[in-house]
>>> print(open('protein27.txt').read())   # compact mmCIF, C-alpha atoms
# COMPACT_ATOMS: atom_id res chain seq x y z
CA MET A 66 3.06 -66.00 -26.26
CA ILE A 67 -0.18 -64.00 -26.28
CA TYR A 68 -0.20 -60.91 -24.07
CA LYS A 69 -3.23 -59.97 -21.96
CA GLU A 70 -5.54 -57.27 -23.32
CA ALA A 71 -6.06 -54.20 -21.12
CA LYS A 72 -8.06 -51.02 -21.42
CA LEU A 73 -5.85 -48.05 -22.26
CA GLY A 74 -7.73 -45.82 -19.84
CA ASP A 75 -6.56 -47.95 -16.91
CA TYR A 76 -2.98 -46.97 -17.69
CA VAL A 77 -3.01 -43.48 -19.21
CA ASP A 78 -4.42 -40.01 -18.71
CA ILE A 79 -5.01 -37.53 -21.51
CA LEU A 80 -4.57 -33.81 -21.02
CA SER A 81 -6.64 -31.86 -23.55
CA GLY A 82 -5.04 -28.64 -24.74
CA PHE A 83 -6.17 -25.17 -23.72
CA ALA A 84 -8.73 -23.22 -25.76
CA PHE A 85 -6.77 -20.05 -26.43
CA LYS A 86 -8.92 -17.12 -27.52
CA THR A 87 -8.40 -15.16 -30.74
CA LYS A 88 -7.36 -12.11 -28.71
CA ASP A 89 -4.57 -14.16 -27.10
CA PHE A 90 -2.66 -14.62 -30.34
CA VAL A 91 0.20 -12.29 -31.18
CA GLU A 92 2.76 -12.01 -33.97
CA LYS A 93 5.67 -13.33 -31.89
CA GLY A 94 5.84 -14.97 -28.51
CA VAL A 95 5.43 -18.48 -27.10
CA PRO A 96 4.53 -21.02 -29.85
CA ILE A 97 1.25 -22.92 -29.69
CA ILE A 98 1.12 -26.52 -30.89
CA LYS A 99 -2.07 -27.00 -32.90
CA ILE A 100 -3.53 -29.98 -34.73
CA LYS A 101 -1.70 -28.99 -37.93
CA ASN A 102 1.63 -29.35 -36.09
CA ILE A 103 1.03 -33.04 -35.35
CA SER A 104 3.09 -34.40 -38.23
CA PRO A 105 4.17 -37.98 -37.41
CA PRO A 106 6.57 -39.03 -36.18
CA SER A 107 7.42 -35.59 -34.76
CA VAL A 108 5.70 -32.36 -33.83
CA THR A 109 6.59 -29.77 -36.46
CA LEU A 110 7.48 -26.17 -35.66
CA GLU A 111 6.37 -24.89 -39.07
CA ASP A 112 3.54 -22.39 -39.57
CA LEU A 113 3.20 -21.61 -35.84
CA SER A 114 0.82 -19.38 -33.93
CA TYR A 115 1.96 -17.52 -30.80
CA VAL A 116 0.65 -16.12 -27.53
CA SER A 117 2.27 -13.51 -25.32
CA ASN A 118 4.53 -14.46 -22.42
CA GLU A 119 1.88 -13.12 -20.03
CA VAL A 120 -0.77 -15.48 -21.45
CA ALA A 121 1.70 -18.37 -21.45
CA GLU A 122 2.62 -17.74 -17.81
CA LYS A 123 -1.00 -18.34 -16.79
CA GLN A 124 -1.17 -21.68 -18.63
CA LYS A 125 1.92 -23.51 -17.34
CA LYS A 126 -0.12 -26.70 -17.07
CA PHE A 127 -0.02 -26.92 -20.87
CA VAL A 128 3.74 -26.48 -21.34
CA LEU A 129 5.20 -29.35 -23.36
CA SER A 130 8.42 -31.22 -22.67
CA TYR A 131 10.88 -33.16 -24.81
CA ASP A 132 9.53 -36.61 -25.82
CA ASP A 133 5.91 -35.85 -24.85
CA VAL A 134 3.41 -37.95 -26.80
CA LEU A 135 0.66 -35.93 -28.51
CA ILE A 136 -2.46 -37.12 -30.32
CA ALA A 137 -4.67 -35.20 -32.77
CA MET A 138 -8.29 -35.40 -31.61
CA THR A 139 -9.54 -33.59 -34.70
CA GLY A 140 -8.50 -34.42 -38.24
CA SER A 141 -9.57 -36.06 -41.46
CA HIS A 142 -11.26 -39.36 -42.10
CA ILE A 143 -9.11 -42.19 -43.47
CA ASN A 144 -9.51 -40.98 -47.07
CA GLN A 145 -7.01 -38.22 -46.20
CA TRP A 146 -4.36 -40.22 -44.43
CA ALA A 147 -1.73 -37.51 -43.94
CA SER A 148 -4.12 -35.52 -41.73
CA VAL A 149 -6.12 -38.44 -40.28
CA VAL A 150 -7.60 -38.06 -36.82
CA GLY A 151 -5.79 -40.00 -34.10
CA ARG A 152 -2.29 -39.54 -35.49
CA VAL A 153 0.42 -39.33 -32.84
CA ALA A 154 3.73 -37.49 -32.71
CA ARG A 155 6.58 -36.92 -30.28
CA VAL A 156 7.98 -33.58 -29.12
CA LYS A 157 11.58 -33.62 -30.36
CA TYR A 158 12.70 -30.12 -29.42
CA SER A 159 13.55 -28.31 -26.20
CA ASP A 160 11.85 -24.96 -26.92
CA ILE A 161 8.96 -23.90 -24.70
CA THR A 162 5.62 -24.53 -26.43
CA LEU A 163 2.02 -24.78 -25.25
CA LEU A 164 -0.68 -27.33 -26.06
CA ASN A 165 -3.73 -26.08 -27.97
CA GLN A 166 -7.29 -27.42 -27.80
CA ARG A 167 -8.14 -30.63 -29.71
CA VAL A 168 -4.61 -31.91 -29.18
CA GLY A 169 -4.12 -34.35 -26.30
CA LYS A 170 -0.99 -35.11 -24.28
CA ILE A 171 -0.80 -38.74 -23.19
CA THR A 172 0.76 -39.50 -19.80
CA ILE A 173 1.11 -42.67 -17.74
CA LYS A 174 -1.01 -42.84 -14.59
CA GLU A 175 0.82 -42.93 -11.28
CA ASN A 176 1.87 -46.48 -10.37
CA ALA A 177 0.60 -47.87 -13.70
CA GLU A 178 2.98 -50.49 -15.11
CA ALA A 179 3.12 -49.14 -18.63
CA ASP A 180 5.92 -47.51 -20.58
CA ILE A 181 5.04 -44.28 -22.42
CA ASN A 182 7.17 -45.34 -25.38
CA TYR A 183 5.30 -48.64 -25.61
CA ILE A 184 1.98 -46.75 -25.59
CA TYR A 185 3.30 -44.43 -28.29
CA TYR A 186 4.22 -47.34 -30.56
CA PHE A 187 0.84 -48.96 -29.95
CA LEU A 188 -1.03 -45.79 -30.92
CA SER A 189 1.18 -45.15 -33.94
CA GLN A 190 -0.08 -48.27 -35.72
CA ASP A 191 -2.25 -47.69 -38.80
CA GLU A 192 -4.91 -50.10 -37.55
CA ILE A 193 -5.31 -48.05 -34.37
CA LYS A 194 -5.77 -44.82 -36.32
CA ILE A 195 -8.38 -46.60 -38.44
CA LYS A 196 -10.18 -47.75 -35.28
CA LEU A 197 -10.21 -44.24 -33.87
CA ALA A 198 -11.37 -42.74 -37.18
CA ALA A 199 -14.24 -45.25 -37.20
CA LYS A 200 -15.37 -43.93 -33.80
CA ALA A 201 -15.13 -40.30 -34.89
CA GLY A 202 -18.06 -37.96 -35.21
CA GLY A 203 -18.22 -34.71 -37.15
CA ALA A 204 -18.80 -33.43 -40.65
CA ALA A 205 -17.80 -35.21 -43.85
CA ASN A 206 -14.50 -33.35 -44.03
CA GLN A 207 -13.73 -33.33 -40.29
CA ALA A 208 -13.49 -36.15 -37.78
CA ASN A 209 -13.50 -35.65 -34.01
CA ILE A 210 -12.60 -38.07 -31.23
CA SER A 211 -12.63 -37.58 -27.48
CA PRO A 212 -10.24 -38.68 -24.72
CA THR A 213 -12.87 -41.31 -23.88
CA HIS A 214 -12.60 -42.83 -27.37
CA ILE A 215 -8.86 -43.15 -26.90
CA LYS A 216 -9.10 -44.57 -23.38
CA GLU A 217 -11.64 -47.20 -24.51
CA LEU A 218 -9.04 -48.79 -26.78
CA THR A 219 -7.72 -52.15 -25.65
CA PHE A 220 -4.03 -52.89 -26.03
CA PRO A 221 -1.73 -55.90 -25.53
CA CYS A 222 -0.17 -55.39 -22.11
CA PRO A 223 2.80 -57.63 -21.33
CA ASP A 224 4.90 -57.26 -18.20
CA TYR A 225 6.70 -53.95 -17.89
CA ASP A 226 10.12 -55.47 -18.64
CA ILE A 227 8.73 -57.04 -21.83
CA GLN A 228 7.34 -53.66 -22.84
CA LYS A 229 10.80 -52.15 -22.40
CA LYS A 230 12.39 -54.89 -24.51
CA ILE A 231 9.88 -54.33 -27.30
CA VAL A 232 10.50 -50.59 -27.12
CA ASN A 233 14.26 -51.10 -27.37
CA ILE A 234 13.88 -53.18 -30.54
CA LEU A 235 11.60 -50.63 -32.19
CA LYS A 236 13.72 -47.73 -30.95
CA SER A 237 16.79 -49.18 -32.66
CA TYR A 238 15.00 -48.59 -35.97
CA ASP A 239 13.97 -45.10 -34.94
CA ASP A 240 17.52 -44.27 -33.89
CA LEU A 241 18.75 -45.25 -37.36
CA ILE A 242 15.98 -43.16 -38.90
CA GLU A 243 16.94 -40.19 -36.72
CA ASN A 244 20.62 -40.53 -37.67
CA ASN A 245 19.69 -40.51 -41.36
CA GLN A 246 17.50 -37.46 -40.81
CA LYS A 247 20.43 -35.67 -39.15
CA GLN A 248 22.61 -36.47 -42.15
CA ILE A 249 19.96 -35.08 -44.49
CA LYS A 250 19.82 -31.89 -42.43
CA LEU A 251 23.60 -31.56 -42.56
CA LEU A 252 23.56 -31.96 -46.35
CA GLU A 253 20.78 -29.39 -46.71
CA GLU A 254 22.71 -26.97 -44.52
CA ALA A 255 25.90 -27.57 -46.51
CA ALA A 256 24.11 -26.77 -49.77
CA GLN A 257 22.63 -23.62 -48.22
CA ARG A 258 26.06 -22.53 -46.95
CA LEU A 259 27.60 -23.11 -50.36
CA TYR A 260 24.90 -20.98 -52.01
CA LYS A 261 25.46 -18.18 -49.48
CA GLU A 262 29.24 -18.30 -49.88
CA TRP A 263 29.12 -18.20 -53.68
CA PHE A 264 26.12 -16.00 -54.40
CA VAL A 265 25.59 -13.80 -51.34
CA ASP A 266 29.18 -13.31 -50.18
CA LEU A 267 30.35 -13.59 -53.84
CA ARG A 268 33.22 -15.92 -53.01
CA PHE A 269 32.60 -18.20 -56.00
CA PRO A 270 35.37 -20.07 -57.85
CA GLY A 271 37.65 -17.54 -59.54
CA TYR A 272 36.08 -14.54 -57.78
CA GLU A 273 39.54 -13.00 -57.28
CA ASP A 274 39.83 -12.41 -61.02
CA VAL A 275 36.30 -11.09 -61.63
CA ALA A 276 35.47 -7.39 -61.37
CA ILE A 277 32.36 -6.33 -59.45
CA VAL A 278 30.27 -3.78 -61.35
CA ASP A 279 27.37 -2.16 -59.45
CA GLY A 280 27.45 -5.01 -56.94
CA VAL A 281 27.26 -7.71 -59.61
CA PRO A 282 30.20 -9.80 -60.90
CA GLU A 283 31.15 -8.99 -64.46
CA GLY A 284 29.54 -11.38 -66.93
CA TRP A 285 26.53 -12.08 -64.71
CA THR A 286 23.14 -10.90 -66.00
CA GLU A 287 19.86 -9.79 -64.48
CA LYS A 288 16.76 -11.44 -65.90
CA ASN A 289 13.14 -12.10 -65.03
CA MET A 290 12.08 -15.52 -63.76
CA ALA A 291 10.15 -15.89 -67.00
CA ASP A 292 13.48 -15.82 -68.85
CA VAL A 293 15.02 -18.73 -66.96
CA CYS A 294 12.17 -21.14 -66.28
CA ASP A 295 8.68 -22.18 -67.26
CA SER A 296 6.33 -21.61 -64.31
CA ILE A 297 3.31 -23.91 -64.27
CA GLY A 298 0.21 -24.07 -62.11
CA GLY A 299 -1.80 -27.14 -61.21
CA GLY A 300 -5.35 -28.32 -60.84
CA THR A 301 -7.76 -30.52 -58.92
CA PRO A 302 -9.92 -33.14 -60.65
CA SER A 303 -13.55 -33.00 -59.57
CA THR A 304 -13.90 -34.76 -56.24
CA LYS A 305 -17.46 -35.69 -57.21
CA ILE A 306 -16.19 -38.15 -59.81
CA GLU A 307 -14.79 -41.22 -58.05
CA GLY A 308 -13.12 -42.46 -61.22
CA TYR A 309 -10.70 -39.54 -61.14
CA TYR A 310 -9.16 -40.87 -57.91
CA ARG A 311 -10.03 -44.55 -57.38
CA ASN A 312 -7.02 -46.80 -58.09
CA GLY A 313 -5.10 -43.79 -59.39
CA ASN A 314 -1.36 -44.22 -59.88
CA ILE A 315 -0.33 -40.68 -60.89
CA LYS A 316 1.44 -38.84 -58.09
CA TRP A 317 -0.63 -35.72 -57.34
CA VAL A 318 1.12 -33.29 -55.00
CA THR A 319 -0.78 -31.06 -52.60
CA PRO A 320 0.83 -28.44 -50.31
CA THR A 321 0.34 -30.80 -47.36
CA ASP A 322 2.72 -33.29 -49.00
CA ILE A 323 5.39 -30.59 -48.97
CA THR A 324 4.73 -28.91 -45.61
CA ARG A 325 4.54 -32.25 -43.77
CA ASN A 326 7.65 -33.60 -45.47
CA ASN A 327 10.81 -33.61 -43.36
CA SER A 328 13.10 -33.12 -46.34
CA LEU A 329 13.44 -31.32 -49.63
CA ILE A 330 13.20 -34.76 -51.27
CA LEU A 331 9.65 -35.94 -51.96
CA LEU A 332 9.32 -39.70 -52.49
CA ASP A 333 5.57 -40.08 -52.76
CA THR A 334 2.24 -38.29 -52.45
CA ASP A 335 -0.67 -38.88 -50.11
CA LYS A 336 -3.14 -38.91 -53.00
CA LYS A 337 -3.01 -40.31 -56.51
CA ILE A 338 -5.20 -39.50 -59.51
CA THR A 339 -6.07 -41.44 -62.63
CA GLU A 340 -5.34 -40.64 -66.26
CA ASP A 341 -8.96 -39.48 -66.61
CA GLY A 342 -8.54 -37.21 -63.61
CA LEU A 343 -5.41 -35.68 -65.14
CA ASN A 344 -7.03 -35.18 -68.54
CA ASN A 345 -10.15 -33.61 -67.07
CA SER A 346 -8.43 -31.02 -64.90
CA SER A 347 -5.88 -28.27 -65.29
CA ALA A 348 -3.22 -30.43 -63.60
CA LYS A 349 -0.19 -31.05 -65.83
CA MET A 350 2.49 -33.71 -65.75
CA LEU A 351 5.82 -32.30 -64.65
CA PRO A 352 9.21 -33.85 -65.44
CA PRO A 353 11.51 -35.28 -62.76
CA TYR A 354 13.25 -32.74 -60.53
CA THR A 355 10.80 -29.97 -61.29
CA ILE A 356 11.10 -27.36 -58.53
CA LEU A 357 7.79 -27.58 -56.65
CA MET A 358 7.01 -24.35 -54.79
CA THR A 359 3.85 -23.86 -52.75
CA SER A 360 2.20 -20.62 -53.84
CA ARG A 361 -1.06 -20.48 -51.87
CA ALA A 362 -1.78 -20.17 -48.12
CA SER A 363 1.49 -21.80 -46.97
CA VAL A 364 3.66 -19.94 -49.47
CA GLY A 365 7.32 -20.74 -50.07
CA TYR A 366 7.77 -24.43 -49.25
CA PHE A 367 9.78 -26.54 -51.69
CA GLY A 368 10.08 -30.09 -52.93
CA LEU A 369 11.95 -32.17 -55.51
CA CYS A 370 10.82 -35.55 -56.80
CA GLU A 371 12.83 -37.88 -59.01
CA HIS A 372 9.60 -39.04 -60.69
CA GLU A 373 7.04 -37.34 -62.89
CA VAL A 374 4.32 -35.71 -60.81
CA CYS A 375 1.45 -33.28 -61.14
CA THR A 376 0.13 -30.83 -58.54
CA ASN A 377 -3.03 -29.14 -57.41
CA GLN A 378 -3.48 -25.39 -57.87
CA GLY A 379 -1.51 -24.53 -54.72
CA PHE A 380 1.80 -24.56 -56.59
CA ILE A 381 4.00 -22.71 -58.98
CA SER A 382 6.21 -25.42 -60.45
CA CYS A 383 9.45 -24.29 -62.08
CA ILE A 384 11.00 -26.11 -65.02
CA PRO A 385 14.34 -24.46 -65.90
CA TYR A 386 15.07 -23.87 -69.56
CA LYS A 387 18.71 -24.90 -69.02
CA GLU A 388 19.75 -27.84 -66.89
CA ASN A 389 22.76 -26.12 -65.33
CA ILE A 390 20.58 -23.48 -63.65
CA ARG A 391 18.24 -25.94 -61.88
CA PHE A 392 19.92 -26.08 -58.46
CA TYR A 393 20.98 -22.44 -58.50
CA LEU A 394 17.35 -21.54 -59.18
CA LEU A 395 16.16 -23.82 -56.37
CA TYR A 396 18.44 -22.32 -53.74
CA ASN A 397 17.91 -18.81 -55.06
CA LEU A 398 14.18 -19.22 -54.45
CA MET A 399 14.69 -20.89 -51.07
CA ASN A 400 16.77 -17.91 -49.97
CA ARG A 401 14.08 -15.45 -51.07
CA VAL A 402 11.08 -16.88 -49.25
CA ASP A 403 10.43 -13.69 -47.25
CA GLU A 404 10.51 -11.62 -50.45
CA ILE A 405 8.20 -14.09 -52.22
CA ARG A 406 5.74 -13.98 -49.33
CA THR A 407 5.63 -10.17 -49.39
CA LYS A 408 4.55 -10.43 -53.03
CA ALA A 409 1.61 -12.66 -52.10
CA SER A 410 -1.84 -11.16 -51.68
CA GLY A 411 -5.45 -12.19 -51.14
CA SER A 412 -8.30 -11.73 -48.69
CA THR A 413 -9.15 -15.38 -48.01
CA PHE A 414 -5.57 -16.70 -48.12
CA LEU A 415 -2.27 -15.37 -49.37
CA GLU A 416 -1.21 -16.38 -52.88
CA ILE A 417 1.54 -15.30 -55.23
CA SER A 418 0.29 -15.23 -58.82
CA LYS A 419 2.20 -16.70 -61.72
CA LYS A 420 2.33 -13.23 -63.29
CA THR A 421 3.97 -11.73 -60.20
CA PHE A 422 6.35 -14.66 -59.92
CA ARG A 423 7.41 -14.44 -63.55
CA GLU A 424 8.26 -10.76 -63.08
CA LEU A 425 10.65 -11.46 -60.19
CA LYS A 426 14.22 -10.47 -60.98
CA ILE A 427 17.01 -13.03 -60.78
CA THR A 428 20.75 -12.52 -61.20
CA VAL A 429 22.11 -15.29 -63.44
CA PRO A 430 25.78 -16.21 -62.88
CA SER A 431 28.20 -17.12 -65.63
CA GLU A 432 27.97 -20.53 -67.29
CA TYR A 433 31.20 -21.61 -65.57
CA VAL A 434 29.90 -20.79 -62.09
CA LEU A 435 26.52 -22.41 -62.77
CA ASN A 436 28.23 -25.59 -63.95
CA GLU A 437 30.53 -25.67 -60.91
CA PHE A 438 27.62 -25.13 -58.51
CA THR A 439 25.71 -27.99 -60.15
CA LYS A 440 28.77 -30.26 -59.79
CA GLN A 441 28.91 -29.48 -56.08
CA VAL A 442 25.20 -29.60 -55.21
CA TYR A 443 23.80 -32.40 -57.35
CA PRO A 444 25.76 -35.11 -55.46
CA MET A 445 24.35 -33.68 -52.22
CA ILE A 446 20.82 -33.99 -53.63
CA GLN A 447 21.54 -37.56 -54.70
CA GLN A 448 22.85 -38.44 -51.24
CA MET A 449 19.73 -36.91 -49.68
CA GLU A 450 17.63 -39.17 -51.92
CA VAL A 451 19.56 -42.25 -50.79
CA LEU A 452 19.04 -41.30 -47.15
CA VAL A 453 15.32 -40.58 -47.60
CA LYS A 454 14.84 -43.96 -49.30
CA THR A 455 16.79 -45.67 -46.51
CA ILE A 456 14.49 -44.02 -43.97
CA GLU A 457 11.47 -45.32 -45.87
CA ILE A 458 12.87 -48.89 -45.83
CA LEU A 459 13.58 -48.67 -42.10
CA ARG A 460 10.07 -47.35 -41.40
CA GLU A 461 8.47 -50.13 -43.40
CA ALA A 462 10.56 -52.76 -41.61
CA ARG A 463 9.71 -51.29 -38.20
CA ASP A 464 6.00 -51.06 -39.02
CA ARG A 465 5.90 -54.71 -40.15
CA LEU A 466 7.65 -55.78 -36.97
CA LEU A 467 5.62 -53.64 -34.56
CA PRO A 468 2.30 -55.60 -34.53
CA LYS A 469 4.16 -58.93 -34.39
CA LEU A 470 6.08 -57.81 -31.32
CA MET A 471 2.97 -56.43 -29.63
CA SER A 472 0.86 -59.50 -30.30
CA GLY A 473 3.55 -61.83 -28.95
CA GLU A 474 3.95 -63.50 -32.36
CA ILE A 475 7.63 -62.65 -32.07
CA GLU A 476 8.94 -63.27 -28.55
CA VAL A 477 11.53 -61.01 -26.97
>>> encode(input="protein27.txt", output="structure tokens")
Amino acid sequence: MIYKEAKLGDYVDILSGFAFKTKDFVEKGVPIIKIKNISPPSVTLEDLSYVSNEVAEKQKKFVLSYDDVLIAMTGSHINQWASVVGRVARVKYSDITLLNQRVGKITIKENAEADINYIYYFLSQDEIKIKLAAKAGGAANQANISPTHIKELTFPCPDYDIQKKIVNILKSYDDLIENNQKQIKLLEEAAQRLYKEWFVDLRFPGYEDVAIVDGVPEGWTEKNMADVCDSIGGGTPSTKIEGYYRNGNIKWVTPTDITRNNSLILLDTDKKITEDGLNNSSAKMLPPYTILMTSRASVGYFGLCEHEVCTNQGFISCIPYKENIRFYLLYNLMNRVDEIRTKASGSTFLEISKKTFRELKITVPSEYVLNEFTKQVYPMIQQMEVLVKTIEILREARDRLLPKLMSGEIEV
């Protein structure tokens, strides 16, 4: 069965976000959802800007609700897929937030026989983002689309009950994905709790028999970061030389890969570089499970990858000198993000230097405690990896099925 084609604008409206002024922004208040927060499949609440309650009260029209569908009307061209214009995301939280300019909220017109979830799945397809990016105007590094560009799209429009059936099939995949994401979050929280119990509350195995001297368990030592790990920067191959990127197969991590990732576990990178690109830049290959820490602009985000990777210059990557300190070091750093950020400086953007990082103090537990912590945490990391890979398989299966369902190739 082939479904009729309809113009999207006949079924949906698009509310463009409000243009908040610089003077409206405050340190804490009501969060504003900007283009950078559109991180498919969900809207992220990382790196937020805020306006006062008084400003928010005047702009109630732009308050977002759970499950709203948002679209980025400014972004990158298709060569930077993670931030491509036209990407869509759902609001999956209940906090009050407001819509910023250049982000659109998609709603169904009154009496239009279309399901918002069906429209979301249609817009989430890669081919639709490519179509929108092709319509975009703007500079080489910025693409802009308008509500009109979105409304001009044609989409397969079966009867409403067929739309609902298609949505239910696709949603079954998303429900499994969401359940896996919840399990990942629970594992991450369990590892954090274990770190706090052992190393903040000092209720580690055998603590009853260990004396505390000046607030530190006997046998534990204070060192500099430079004493426990090698800290390595990264680099960017010249973007003017196509051969450094074209058909590259070396995973090259940028901060966006980390900040847009929904887990500590990093499976892949948005960009790859070639061997020539690696050899002609200051990027360095890093062994599996190197602790990847963003050190510039968005400071203090972390990732682990089971494969060799390299990074751009927005990282300090930590390779522990001893294997049994790896996960203690990871969670130690994750629990010191505020401290790390206070050490960052810079006029254009904040950055913590390798020198400053290497001088940070770290209390190193006894070998026994380090070994026991590794025994507890490493299986959690491995389970997170399994869940992240399962999510990737489910997403790929859903994305292969989606166009076949929408075209009528697979009947429901």
>>> residues_near_point(input="protein27.txt", point="(-5.7, -55.9, -22.9)", cutoff="7 Å", atoms="all atoms listed in the file", output="VMD selection string")
chain A and resid 69 to 72 219 to 222
>>> closest_residue(input="protein27.txt", among="A:Thr421, A:Ser328, A:Ser303, A:Gln145", to="Glu254 in chain A", atoms="only C-alpha atoms")
A:Ser328
>>> closest_atom_pairs(input="protein27.txt", of="range 335-362 of chain A", to="range 406-415 of chain A", cutoff="10 Å", atoms="all atoms listed in the file", output="tab-separated table")
residue	atom	partner	partner_atom	distance
A:Ser360	CA	A:Ala409	CA	8.2
A:Arg361	CA	A:Leu415	CA	5.8
A:Ala362	CA	A:Leu415	CA	5.0
>>> atom_distance(input="protein27.txt", atom1="CA of Lys170 in chain A", atom2="CA of Ala462 in chain A")
27.3 Å
>>> atom_distance(input="protein27.txt", atom1="CA of Phe264 in chain A", atom2="CA of Gly284 in chain A")
13.8 Å
>>> closest_residue(input="protein27.txt", among="A:Phe90, A:Tyr185, A:Tyr393, A:Tyr76", to="Ile136 in chain A", atoms="only C-alpha atoms")
A:Tyr185
>>> residues_around(input="protein27.txt", residues="range 378-387 of chain A", least_positions_apart="6", cutoff="9 Å", atoms="only C-alpha atoms", output="PyMOL selection string")
chain A and resi 292-301+318-320+347-348+351-352+354-364+394-395+416-419+422
>>> atom_distance(input="protein27.txt", atom1="CA of Glu92 in chain A", atom2="CA of Asp133 in chain A")
25.7 Å
>>> closest_residue(input="protein27.txt", among="A:Ile210, A:Cys375, A:Gly313, A:Ile181", to="Lys229 in chain A", atoms="all atoms listed in the file")
A:Ile181
>>> closest_residue(input="protein27.txt", among="A:Gln448, A:Gln166, A:Gln228, A:Thr213", to="Leu251 in chain A", atoms="only C-alpha atoms")
A:Gln448
>>> closest_residue(input="protein27.txt", among="A:Tyr225, A:Tyr68, A:Phe83, A:Tyr115", to="Tyr183 in chain A", atoms="only C-alpha atoms")
A:Tyr225
